[in-house]
>>> print(open('target-v8.txt').read())   # compact mmCIF, C-alpha atoms and all ligand atoms
# COMPACT_ATOMS: atom_id res chain seq x y z
CA MET V 201 106.87 76.97 89.01
CA GLN V 202 105.33 76.70 92.48
CA ASN V 203 102.10 74.89 93.36
CA PHE V 204 99.06 77.03 94.04
CA ASP V 205 95.46 76.79 95.14
CA TYR V 206 93.38 79.66 93.80
CA GLN V 207 89.73 80.59 93.90
CA THR V 208 88.02 83.98 93.78
CA PRO V 209 84.27 83.78 94.26
CA THR V 210 83.70 87.55 93.91
CA ARG V 211 81.48 88.73 91.08
CA LEU V 212 82.74 91.94 89.45
CA ILE V 213 80.17 94.18 87.78
CA PHE V 214 82.12 96.85 85.97
CA GLY V 215 81.24 100.04 84.10
CA GLU V 216 79.24 103.23 84.11
CA GLY V 217 75.70 102.81 85.41
CA VAL V 218 76.06 99.26 86.73
CA ILE V 219 74.64 100.32 90.08
CA GLU V 220 71.15 99.81 88.66
CA GLN V 221 71.74 96.10 89.32
CA LEU V 222 72.22 96.69 93.04
CA PRO V 223 68.70 95.78 94.21
CA ALA V 224 68.78 92.47 92.33
CA VAL V 225 72.17 91.53 93.79
CA MET V 226 71.22 92.58 97.32
CA GLY V 227 67.79 90.99 97.17
CA ALA V 228 69.34 87.56 96.86
CA LEU V 229 71.29 88.08 100.10
CA GLY V 230 68.83 89.62 102.54
CA ARG V 231 66.58 92.59 103.34
CA LYS V 232 68.30 93.88 106.48
CA VAL V 233 71.35 95.81 105.38
CA LEU V 234 74.20 97.53 107.18
CA LEU V 235 75.24 100.44 104.95
CA ALA V 236 78.86 101.26 105.82
CA TYR V 237 80.66 104.36 104.55
CA GLY V 238 83.34 106.89 105.39
CA GLY V 239 83.52 110.58 106.08
CA GLY V 240 81.00 111.85 103.58
CA SER V 241 82.53 111.70 100.08
CA ILE V 242 79.70 109.40 98.95
CA LYS V 243 77.18 112.10 99.87
CA LYS V 244 79.07 114.74 97.88
CA ILE V 245 79.03 112.61 94.73
CA GLY V 246 75.32 111.74 95.05
CA LEU V 247 76.01 108.06 95.59
CA TYR V 248 74.48 107.94 99.06
CA ASP V 249 71.13 109.24 97.78
CA LYS V 250 71.27 106.88 94.81
CA VAL V 251 71.85 103.85 97.04
CA ARG V 252 69.03 104.83 99.40
CA THR V 253 66.67 105.27 96.46
CA LEU V 254 67.61 101.97 94.87
CA LEU V 255 67.26 100.16 98.20
CA ARG V 256 64.04 101.86 99.33
CA ASP V 257 62.39 98.46 99.86
CA PHE V 258 65.20 97.26 102.14
CA GLU V 259 65.71 97.97 105.83
CA LEU V 260 68.91 100.02 106.10
CA LEU V 261 71.03 100.62 109.17
CA GLU V 262 74.02 102.90 108.88
CA LEU V 263 77.60 102.90 110.06
CA SER V 264 79.24 106.16 108.97
CA GLY V 265 82.54 107.92 109.72
CA ILE V 266 84.86 105.01 108.93
CA GLN V 267 88.29 106.63 108.79
CA PRO V 268 91.28 105.96 106.53
CA ASN V 269 93.33 103.23 108.24
CA PRO V 270 90.04 101.96 109.70
CA LYS V 271 89.95 101.69 113.44
CA TYR V 272 88.92 98.67 115.45
CA ASP V 273 87.50 100.96 118.09
CA PRO V 274 85.04 102.46 117.40
CA SER V 275 84.25 101.45 113.79
CA VAL V 276 84.60 97.65 113.80
CA LEU V 277 83.12 97.27 117.28
CA GLU V 278 80.23 99.59 116.53
CA GLY V 279 79.48 97.76 113.26
CA VAL V 280 79.51 94.38 114.97
CA ARG V 281 77.14 95.69 117.63
CA LEU V 282 74.73 97.09 115.02
CA CYS V 283 74.70 93.79 113.15
CA LYS V 284 74.16 91.67 116.23
CA ASP V 285 71.51 93.90 117.81
CA ASN V 286 69.46 94.22 114.63
CA GLY V 287 69.86 90.87 112.89
CA VAL V 288 71.63 92.37 109.87
CA GLU V 289 71.76 89.92 106.96
CA VAL V 290 74.15 91.61 104.54
CA ILE V 291 76.71 94.44 104.62
CA LEU V 292 76.91 97.03 101.85
CA ALA V 293 80.24 98.87 101.92
CA VAL V 294 80.37 102.07 99.87
CA GLY V 295 83.73 103.81 99.65
CA GLY V 296 87.45 103.16 99.40
CA GLY V 297 89.58 100.36 100.79
CA SER V 298 89.17 101.53 104.39
CA VAL V 299 85.40 101.17 104.27
CA LEU V 300 85.62 97.80 102.56
CA ASP V 301 88.20 96.54 105.05
CA CYS V 302 86.14 97.67 108.00
CA ALA V 303 83.10 95.91 106.51
CA LYS V 304 85.05 92.67 106.22
CA ALA V 305 86.11 92.74 109.87
CA ILE V 306 82.52 93.49 110.86
CA ALA V 307 81.24 90.64 108.68
CA ALA V 308 83.41 88.16 110.55
CA GLY V 309 82.83 89.69 113.99
CA ALA V 310 79.06 89.72 113.57
CA ARG V 311 78.99 85.93 113.41
CA TYR V 312 81.46 85.37 116.25
CA ASP V 313 80.55 85.20 119.93
CA GLY V 314 83.84 86.41 121.39
CA ASP V 315 86.01 89.51 120.97
CA PRO V 316 86.44 90.17 117.19
CA TRP V 317 90.11 91.00 117.82
CA ASP V 318 90.63 87.24 118.35
CA LEU V 319 89.73 86.73 114.69
CA ILE V 320 91.82 89.60 113.34
CA THR V 321 94.88 88.31 115.19
CA TYR V 322 94.19 84.66 114.23
CA ARG V 323 93.70 83.55 117.82
CA ALA V 324 90.36 82.17 116.63
CA LYS V 325 89.08 81.14 113.22
CA ALA V 326 85.80 82.52 111.91
CA GLY V 327 83.20 79.82 111.48
CA ASP V 328 80.95 82.05 109.43
CA ALA V 329 80.64 85.63 108.17
CA LEU V 330 77.95 87.93 106.85
CA PRO V 331 77.91 88.39 103.07
CA ILE V 332 79.47 91.62 101.78
CA VAL V 333 78.60 93.67 98.72
CA ASP V 334 80.60 96.79 97.89
CA ILE V 335 80.47 99.84 95.67
CA LEU V 336 84.03 101.04 95.20
CA THR V 337 84.78 104.78 94.98
CA LEU V 338 88.60 104.81 95.02
CA ALA V 339 91.00 102.76 92.91
CA ALA V 340 93.85 101.52 95.08
CA THR V 341 93.80 98.58 97.43
CA GLY V 342 92.14 95.74 95.54
CA SER V 343 90.08 94.99 98.65
CA GLU V 344 87.09 94.64 96.32
CA TYR V 345 88.60 91.46 94.87
CA ASP V 346 90.43 89.88 97.78
CA CYS V 347 89.61 88.34 101.14
CA GLY V 348 91.87 90.54 103.24
CA CYS V 349 91.35 93.54 105.46
CA VAL V 350 93.72 95.74 107.41
CA ILE V 351 92.55 97.04 110.77
CA SER V 352 94.27 99.50 113.10
CA ARG V 353 94.27 99.56 116.85
CA THR V 354 95.63 102.92 117.86
CA GLU V 355 96.28 102.24 121.53
CA THR V 356 98.70 99.38 120.78
CA ASN V 357 100.18 100.76 117.52
CA ASP V 358 98.89 97.71 115.69
CA LYS V 359 97.84 97.66 112.08
CA VAL V 360 97.03 94.07 111.31
CA GLY V 361 96.32 92.31 108.04
CA TYR V 362 93.60 89.69 108.39
CA MET V 363 92.67 87.24 105.65
CA ASP V 364 89.93 84.66 105.52
CA GLU V 365 88.33 83.12 102.46
CA ARG V 366 84.91 83.90 103.92
CA LEU V 367 85.63 87.60 103.48
CA PHE V 368 85.67 87.79 99.70
CA PRO V 369 82.91 90.23 98.73
CA VAL V 370 80.00 88.43 97.09
CA CYS V 371 79.85 91.18 94.51
CA SER V 372 81.80 94.37 93.79
CA PHE V 373 80.28 97.18 91.76
CA LEU V 374 83.04 99.01 89.90
CA ASP V 375 81.84 102.20 88.25
CA PRO V 376 84.84 104.33 87.26
CA THR V 377 82.76 107.54 87.23
CA TYR V 378 82.58 107.35 91.04
CA THR V 379 86.33 107.91 91.11
CA PHE V 380 86.21 111.18 89.12
CA THR V 381 86.22 113.18 92.37
CA VAL V 382 89.17 111.40 94.00
CA SER V 383 91.76 114.06 94.88
CA LYS V 384 95.17 114.23 93.20
CA LYS V 385 96.75 113.14 96.48
CA GLN V 386 94.56 110.04 96.80
CA THR V 387 94.83 109.24 93.08
CA ALA V 388 98.62 109.26 93.34
CA ALA V 389 98.58 107.30 96.59
CA GLY V 390 96.24 104.74 95.04
CA CYS V 391 98.58 104.34 92.09
CA ALA V 392 101.57 103.86 94.39
CA ASP V 393 99.67 101.31 96.43
CA ALA V 394 98.62 99.30 93.38
CA MET V 395 102.12 99.49 91.88
CA ASN V 396 103.48 98.19 95.14
CA HIS V 397 101.07 95.29 95.17
CA ILE V 398 102.56 94.27 91.84
CA MET V 399 106.16 94.88 92.93
CA GLU V 400 105.64 92.79 96.05
CA GLN V 401 104.85 89.89 93.73
CA TYR V 402 107.31 90.71 90.94
CA PHE V 403 110.43 90.88 93.10
CA ALA V 404 110.50 87.16 93.78
CA GLU V 405 113.05 84.39 93.50
CA ASP V 406 110.99 82.15 91.23
CA THR V 407 108.72 83.74 88.62
CA THR V 408 107.33 82.84 85.20
CA LEU V 409 107.57 84.70 81.92
CA LEU V 410 103.79 84.87 81.95
CA ASN V 411 103.63 86.54 85.35
CA ASP V 412 106.55 88.84 84.61
CA GLY V 413 104.80 90.12 81.51
CA PHE V 414 101.51 90.49 83.36
CA CYS V 415 103.16 92.45 86.17
CA GLU V 416 105.15 94.66 83.81
CA ALA V 417 101.99 95.47 81.82
CA GLY V 418 100.19 96.23 85.09
CA LEU V 419 102.90 98.65 86.18
CA LYS V 420 102.97 100.42 82.81
CA SER V 421 99.18 100.65 82.73
CA LEU V 422 99.08 102.16 86.22
CA MET V 423 101.74 104.75 85.42
CA ALA V 424 100.24 105.83 82.09
CA ASN V 425 96.69 105.97 83.38
CA THR V 426 97.59 107.78 86.58
CA ARG V 427 99.29 110.49 84.53
CA ALA V 428 96.10 110.74 82.44
CA CYS V 429 93.83 110.84 85.53
CA LEU V 430 95.91 113.60 87.08
CA ALA V 431 95.79 115.62 83.84
CA ASP V 432 92.02 115.12 83.49
CA PRO V 433 90.25 113.66 86.54
CA GLN V 434 87.17 112.89 84.43
CA ASP V 435 89.00 110.88 81.77
CA TYR V 436 86.74 107.80 81.79
CA ARG V 437 89.08 105.46 79.94
CA ALA V 438 91.99 106.26 82.24
CA ARG V 439 89.94 106.01 85.43
CA ALA V 440 88.46 102.74 84.16
CA GLU V 441 91.74 101.05 83.31
CA MET V 442 93.31 102.26 86.52
CA MET V 443 90.39 100.87 88.50
CA PHE V 444 90.68 97.44 86.93
CA ALA V 445 94.49 97.27 87.28
CA CYS V 446 94.08 98.11 90.97
CA THR V 447 91.32 95.52 91.41
CA LEU V 448 93.68 92.72 90.40
CA GLY V 449 96.42 93.87 92.79
CA CYS V 450 95.96 91.88 95.98
CA ASN V 451 94.04 88.96 94.62
CA GLY V 452 97.14 86.88 93.89
CA ILE V 453 96.37 86.58 90.23
CA TYR V 454 99.42 88.63 89.18
CA ALA V 455 101.71 85.94 90.52
CA LEU V 456 100.12 82.48 90.59
CA GLY V 457 103.00 80.02 90.56
CA ASN V 458 105.61 82.53 91.79
CA SER V 459 107.51 81.90 95.00
CA GLN V 460 106.48 83.74 98.18
CA THR V 461 108.07 87.11 98.83
CA GLY V 462 106.92 88.12 102.33
CA TRP V 463 105.52 91.45 101.05
CA PRO V 464 108.26 93.44 102.87
CA LEU V 465 107.13 96.90 101.73
CA HIS V 466 103.68 96.38 103.18
CA ALA V 467 105.09 94.95 106.38
CA ILE V 468 107.15 98.10 106.89
CA GLU V 469 104.46 100.55 105.77
CA HIS V 470 101.79 99.08 107.98
CA ALA V 471 103.94 99.88 111.01
CA LEU V 472 104.50 103.43 109.78
CA SER V 473 100.77 104.02 109.42
CA ALA V 474 100.05 102.24 112.70
CA TYR V 475 102.38 104.60 114.55
CA TYR V 476 101.73 107.79 112.56
CA ASP V 477 98.37 107.27 110.75
CA ILE V 478 99.83 108.26 107.37
CA THR V 479 98.33 107.54 103.93
CA HIS V 480 99.20 103.95 103.02
CA GLY V 481 100.18 104.57 99.38
CA GLU V 482 102.42 107.51 100.29
CA GLY V 483 104.27 105.48 102.90
CA LEU V 484 104.85 102.72 100.36
CA ALA V 485 106.11 105.10 97.68
CA ILE V 486 108.62 106.64 100.09
CA ILE V 487 110.02 103.31 101.24
CA THR V 488 110.12 101.54 97.89
CA PRO V 489 113.21 103.10 96.25
CA ARG V 490 115.13 102.91 99.54
CA TRP V 491 114.26 99.24 99.91
CA MET V 492 115.30 98.66 96.30
CA ARG V 493 118.70 100.27 96.87
CA TYR V 494 119.13 98.26 100.04
CA ILE V 495 118.44 94.87 98.45
CA LEU V 496 120.29 95.47 95.16
CA SER V 497 123.07 92.90 94.97
CA GLU V 498 124.64 90.36 92.63
CA ARG V 499 121.82 88.02 93.59
CA THR V 500 118.99 90.45 92.77
CA VAL V 501 120.45 92.58 90.01
CA ASP V 502 118.93 90.64 87.12
CA ARG V 503 115.43 91.23 88.47
CA PHE V 504 116.12 94.96 88.48
CA VAL V 505 117.54 94.75 84.96
CA ARG V 506 114.36 93.12 83.69
CA TYR V 507 112.25 95.67 85.57
CA GLY V 508 114.27 98.60 84.23
CA VAL V 509 114.28 97.46 80.61
CA ASN V 510 110.66 96.29 80.39
CA VAL V 511 108.91 98.84 82.58
CA PHE V 512 110.99 101.97 82.02
CA GLY V 513 112.53 101.23 78.63
CA ILE V 514 116.13 101.57 79.86
CA ASP V 515 118.80 100.73 77.27
CA PRO V 516 119.48 96.97 77.67
CA THR V 517 123.07 97.32 76.40
CA LEU V 518 124.17 99.25 79.49
CA ALA V 519 126.00 97.49 82.31
CA ARG V 520 123.66 95.47 84.55
CA LEU V 521 124.31 97.53 87.66
CA GLU V 522 123.84 100.75 85.73
CA ILE V 523 120.43 99.57 84.46
CA ALA V 524 119.39 98.56 87.97
CA GLN V 525 120.36 101.91 89.46
CA ARG V 526 118.59 103.80 86.70
CA ALA V 527 115.48 101.68 87.28
CA ILE V 528 115.46 102.62 90.96
CA ASP V 529 115.98 106.30 90.10
CA ALA V 530 113.11 106.08 87.58
CA THR V 531 110.84 104.59 90.25
CA TYR V 532 111.64 107.47 92.60
CA ALA V 533 111.21 110.04 89.81
CA PHE V 534 107.79 108.68 88.85
CA PHE V 535 106.44 108.88 92.39
CA GLU V 536 107.84 112.39 92.71
CA GLU V 537 106.33 113.38 89.35
CA ILE V 538 102.81 112.36 90.44
CA GLY V 539 103.15 114.53 93.52
CA ILE V 540 103.97 112.13 96.32
CA PRO V 541 106.05 113.60 99.16
CA MET V 542 109.16 111.41 98.98
CA HIS V 543 110.57 111.74 102.50
CA LEU V 544 109.13 110.40 105.74
CA ARG V 545 109.77 113.80 107.35
CA ASP V 546 107.34 115.27 104.77
CA VAL V 547 104.55 113.13 106.25
CA GLY V 548 105.46 113.84 109.87
CA ILE V 549 107.76 110.93 110.68
CA GLY V 550 111.07 111.64 112.39
CA GLU V 551 113.80 109.40 113.71
CA GLU V 552 112.41 109.17 117.25
CA ARG V 553 110.56 105.88 116.95
CA ILE V 554 112.51 104.08 114.22
CA GLY V 555 114.03 101.53 116.62
CA GLU V 556 110.64 100.80 118.17
CA MET V 557 108.97 100.40 114.76
CA ALA V 558 111.77 98.23 113.38
CA HIS V 559 111.50 95.98 116.42
CA HIS V 560 107.71 95.78 116.05
CA ILE V 561 108.04 94.83 112.36
CA ALA V 562 110.80 92.29 112.95
CA VAL V 563 108.83 90.58 115.70
CA ASN V 564 105.42 90.62 114.01
CA GLU V 565 106.04 90.34 110.27
CA GLY V 566 108.56 87.55 109.81
CA LEU V 567 110.69 89.30 107.21
CA GLU V 568 113.49 86.80 107.71
CA GLN V 569 111.50 84.82 105.10
CA ALA V 570 111.22 87.68 102.60
CA TYR V 571 112.57 87.67 99.03
CA VAL V 572 115.65 89.30 100.53
CA PRO V 573 115.53 88.48 104.24
CA LEU V 574 115.42 91.53 106.51
CA ASN V 575 116.23 91.59 110.21
CA GLU V 576 115.58 94.39 112.68
CA GLN V 577 118.77 96.27 111.75
CA ASP V 578 117.98 96.03 108.03
CA ILE V 579 114.46 97.35 108.60
CA ALA V 580 115.76 100.24 110.71
CA ALA V 581 118.31 101.08 107.99
CA ILE V 582 115.61 101.19 105.28
CA ILE V 583 113.37 103.43 107.37
CA THR V 584 116.30 105.68 108.24
CA ALA V 585 117.24 105.99 104.57
CA SER V 586 113.63 107.03 103.87
CA LEU V 587 113.69 110.00 106.27
O1 LIG V 601 85.98 108.86 104.07
P1 LIG V 601 85.51 109.47 102.80
O2 LIG V 601 84.76 110.73 102.97
O3 LIG V 601 84.81 108.50 101.92
O4 LIG V 601 86.84 109.97 102.00
C1 LIG V 601 87.85 109.08 101.54
C2 LIG V 601 89.11 109.14 102.40
O5 LIG V 601 89.26 110.39 103.01
C3 LIG V 601 88.34 109.58 100.21
N1 LIG V 601 87.53 109.10 99.07
C4 LIG V 601 87.14 107.84 98.78
N2 LIG V 601 86.45 107.83 97.63
C5 LIG V 601 86.37 109.10 97.20
C6 LIG V 601 87.06 109.92 98.11
N3 LIG V 601 87.17 111.26 97.95
C7 LIG V 601 86.58 111.80 96.87
N4 LIG V 601 85.91 111.08 95.93
C8 LIG V 601 85.79 109.74 96.07
N5 LIG V 601 85.15 109.03 95.13
O6 LIG V 601 89.65 109.07 100.10
C9 LIG V 601 90.23 109.00 101.40
C10 LIG V 601 91.01 107.72 101.54
O7 LIG V 601 90.12 106.61 101.53
P2 LIG V 601 90.64 105.14 101.94
O8 LIG V 601 89.50 104.23 101.83
O9 LIG V 601 91.35 105.23 103.25
O10 LIG V 601 91.74 104.86 100.82
P3 LIG V 601 92.26 103.50 100.22
O11 LIG V 601 91.27 102.93 99.28
O12 LIG V 601 93.60 103.80 99.71
O13 LIG V 601 92.35 102.49 101.46
C11 LIG V 601 93.47 102.49 102.32
C12 LIG V 601 93.34 101.41 103.38
O14 LIG V 601 93.33 100.09 102.79
C13 LIG V 601 94.37 99.29 103.38
C14 LIG V 601 95.39 100.33 103.75
O15 LIG V 601 96.34 99.85 104.66
C15 LIG V 601 94.53 101.43 104.32
O16 LIG V 601 94.14 101.14 105.62
N6 LIG V 601 94.77 98.22 102.47
C16 LIG V 601 93.90 97.21 102.22
C17 LIG V 601 94.24 96.13 101.44
C18 LIG V 601 93.31 95.01 101.19
N7 LIG V 601 92.20 94.90 101.84
O17 LIG V 601 93.58 94.16 100.37
C19 LIG V 601 95.55 96.00 100.82
C20 LIG V 601 96.33 97.27 100.83
O18 LIG V 601 97.70 96.93 100.70
C21 LIG V 601 96.13 98.15 102.01
O19 LIG V 601 96.97 97.76 103.08
ZN ZN V 602 98.77 98.20 99.73
>>> encode(input="target-v8.txt", output="structure tokens")
Amino acid sequence: MQNFDYQTPTRLIFGEGVIEQLPAVMGALGRKVLLAYGGGSIKKIGLYDKVRTLLRDFELLELSGIQPNPKYDPSVLEGVRLCKDNGVEVILAVGGGSVLDCAKAIAAGARYDGDPWDLITYRAKAGDALPIVDILTLAATGSEYDCGCVISRTETNDKVGYMDERLFPVCSFLDPTYTFTVSKKQTAAGCADAMNHIMEQYFAEDTTLLNDGFCEAGLKSLMANTRACLADPQDYRARAEMMFACTLGCNGIYALGNSQTGWPLHAIEHALSAYYDITHGEGLAIITPRWMRYILSERTVDRFVRYGVNVFGIDPTLARLEIAQRAIDATYAFFEEIGIPMHLRDVGIGEERIGEMAHHIAVNEGLEQAYVPLNEQDIAAIITASL
């Protein structure tokens, strides 16, 4: 078992109606608030009006229009400017992972004198950051319980993951009823994203029985509850369990004590969405079974056997390789069943830029250190197999 150093300062307030506690939580952090949100879904579900009513005694500035795969320019830069010009004391992010991520980058940039891109690319270290509170409306990324954000810069085809312990939200409000309106496409993509967060930690050289069981339960919970959410989008129990399973995804807690894996699926997907602006969870789902086939070997087969038997209930008396291949087929079949387009061509990606993307990933992501090391040729082969 590997050493670890773990601390999550984020307070989770979970359940229907918990938003009533928003003024008390915000009041302890400041009166000048930057309210950050996306393209309007929070207005459709009445959440925008509710927040404005609850915070009527606060001074609210707004940053709207944050897009999926949140953009450095204009969203992060505009948010930093609003905070600096108006002396904002706390950021309230209301939306999915993209809004939360954008809020985190703004929180760091608002307390930094130079170009915020320096922070995102680790050329400078944040000395301070504004506090963040969020109200989550989409179960997927786990941004509500981690200190990371992923920011895109379209002009350079960069989609960069930035982590800093100052960026943990102070408090995340998790009301599953806000996710009732999430589309089938985004529900499925969120499930695929959260499953991938677990797989990135499960496919490791050194794991514990405790973590393996935790990860396997997480995967089964996500699959069962996603099926239920798709059948009935207002199934509270299913939306609730899915939300919580997603919340744990990127926080590290699924794999404390496991060896590092390099998170290869995310490294590859982030380049796909940087170049083509695709939905993160869909990109992951497409790549996953191809990556699995690519890394299946005598060295890795027992991991796949465990995964196949414990997650998909495959007959443990079959030959090891047979179990592993069935497990990969079952992974593909599940993503297909929940409606994810399973070829890169289906989401607008052709072969034209594979070499360029593979080079970008190999240079920037360090996948030579991954669970199964991947060089530029390996990465190109996995993307090509995903077409
Ligand atoms: O913009 P609005 O109108 O709000 O609509 C959004 C958006 O179009 C919509 N939506 C959100 N809540 C809704 C809703 N529609 C109806 N009802 C609701 N209640 O859903 C669409 C997608 O939203 P987005 O926030 O982009 O989705 P998600 O939460 O999947 O976030 C994806 C982003 O997070 C990054 C991804 O790379 C991507 O940029 N990630 C962040 C991570 C982190 N911070 O830890 C880890 C992840 O691996 C991931 O990389
Ligand atoms: Zn992800």
>>> residues_near_ligand(input="target-v8.txt", ligand="ligand ZN 602 (chain V)", cutoff="8 Å", atoms="all atoms listed in the file", output="ChimeraX atom specification")
/V:340-341,393-394,396-397,450,466,480-481,484
>>> closest_residue(input="target-v8.txt", among="V:Glu552, V:Asp502, V:Asp435, V:Glu441", to="Tyr476 in chain V", atoms="all atoms listed in the file")
V:Glu552
>>> closest_residue(input="target-v8.txt", among="V:Asn458, V:Asn451, V:Thr381, V:Thr426", to="Ile245 in chain V", atoms="all atoms listed in the file")
V:Thr381
>>> closest_atom_pairs(input="target-v8.txt", of="range 353-404 of chain V", to="range 209-227 of chain V", cutoff="7 Å", atoms="only C-alpha atoms", output="Markdown table")
| residue | atom | partner | partner_atom | distance |
| --- | --- | --- | --- | --- |
| V:Phe368 | CA | V:Thr210 | CA | 6.1 |
| V:Pro369 | CA | V:Thr210 | CA | 5.6 |
| V:Val370 | CA | V:Thr210 | CA | 5.0 |
| V:Cys371 | CA | V:Arg211 | CA | 4.5 |
| V:Ser372 | CA | V:Leu212 | CA | 5.1 |
| V:Phe373 | CA | V:Ile213 | CA | 5.0 |
| V:Leu374 | CA | V:Phe214 | CA | 4.6 |
| V:Asp375 | CA | V:Gly215 | CA | 4.7 |
| V:Pro376 | CA | V:Gly215 | CA | 6.4 |
| V:Thr377 | CA | V:Glu216 | CA | 6.4 |
>>> write_last_selection(input="target-v8.txt", atoms="C-alpha atoms", output="compact mmCIF listing (two decimals), in the frame of the given file")
# COMPACT_ATOMS: atom_id res chain seq x y z
CA PHE V 368 85.67 87.79 99.70
CA PRO V 369 82.91 90.23 98.73
CA VAL V 370 80.00 88.43 97.09
CA CYS V 371 79.85 91.18 94.51
CA SER V 372 81.80 94.37 93.79
CA PHE V 373 80.28 97.18 91.76
CA LEU V 374 83.04 99.01 89.90
CA ASP V 375 81.84 102.20 88.25
CA PRO V 376 84.84 104.33 87.26
CA THR V 377 82.76 107.54 87.23
>>> closest_residue(input="target-v8.txt", among="V:Leu261, V:Ala440, V:Ala310, V:Ala455", to="Pro331 in chain V", atoms="all atoms listed in the file")
V:Ala310
>>> residues_around(input="target-v8.txt", residues="range 263-269 of chain V", least_positions_apart="3", cutoff="7 Å", atoms="all atoms listed in the file", output="number ranges by chain")
V: 234-239, 275, 279, 298-299, 351-352, 477
>>> write_last_selection(input="target-v8.txt", atoms="C-alpha atoms", output="compact mmCIF listing (two decimals), keeping the file's coordinate frame")
# COMPACT_ATOMS: atom_id res chain seq x y z
CA LEU V 234 74.20 97.53 107.18
CA LEU V 235 75.24 100.44 104.95
CA ALA V 236 78.86 101.26 105.82
CA TYR V 237 80.66 104.36 104.55
CA GLY V 238 83.34 106.89 105.39
CA GLY V 239 83.52 110.58 106.08
CA SER V 275 84.25 101.45 113.79
CA GLY V 279 79.48 97.76 113.26
CA SER V 298 89.17 101.53 104.39
CA VAL V 299 85.40 101.17 104.27
CA ILE V 351 92.55 97.04 110.77
CA SER V 352 94.27 99.50 113.10
CA ASP V 477 98.37 107.27 110.75
>>> residues_around(input="target-v8.txt", residues="Glu522 in chain V", least_positions_apart="6", cutoff="12 Å", atoms="only C-alpha atoms", output="NGL selection string")
:V and (496 or 501-502 or 504-505 or 508-509 or 514-516 or 528-529)
>>> atom_distance(input="target-v8.txt", atom1="CA of Tyr571 in chain V", atom2="CA of Thr500 in chain V")
9.4 Å
>>> axis_aligned_box(input="target-v8.txt", around="range 351-369 of chain V", padding_each_side="4 Å", output="lines of an AutoDock Vina configuration file")
center_x = 91.5
center_y = 93.0
center_z = 110.1
size_x = 25.3
size_y = 27.8
size_z = 30.8
>>> residues_around(input="target-v8.txt", residues="Asp546 in chain V", least_positions_apart="2", cutoff="12 Å", atoms="all atoms listed in the file", output="list of chain:residue names")
V:Ile478, V:Thr479, V:Glu482, V:Gly483, V:Ile486, V:Ile540, V:Pro541, V:Met542, V:His543, V:Leu544, V:Gly548, V:Ile549, V:Gly550, V:Ser586, V:Leu587
>>> closest_residue(input="target-v8.txt", among="V:Ala558, V:Ile523, V:Leu456, V:Ile487", to="Asp205 in chain V", atoms="only C-alpha atoms")
V:Leu456
>>> atom_distance(input="target-v8.txt", atom1="atom N1 of ligand LIG 601 (chain V)", atom2="CA of Asp318 in chain V")
29.3 Å
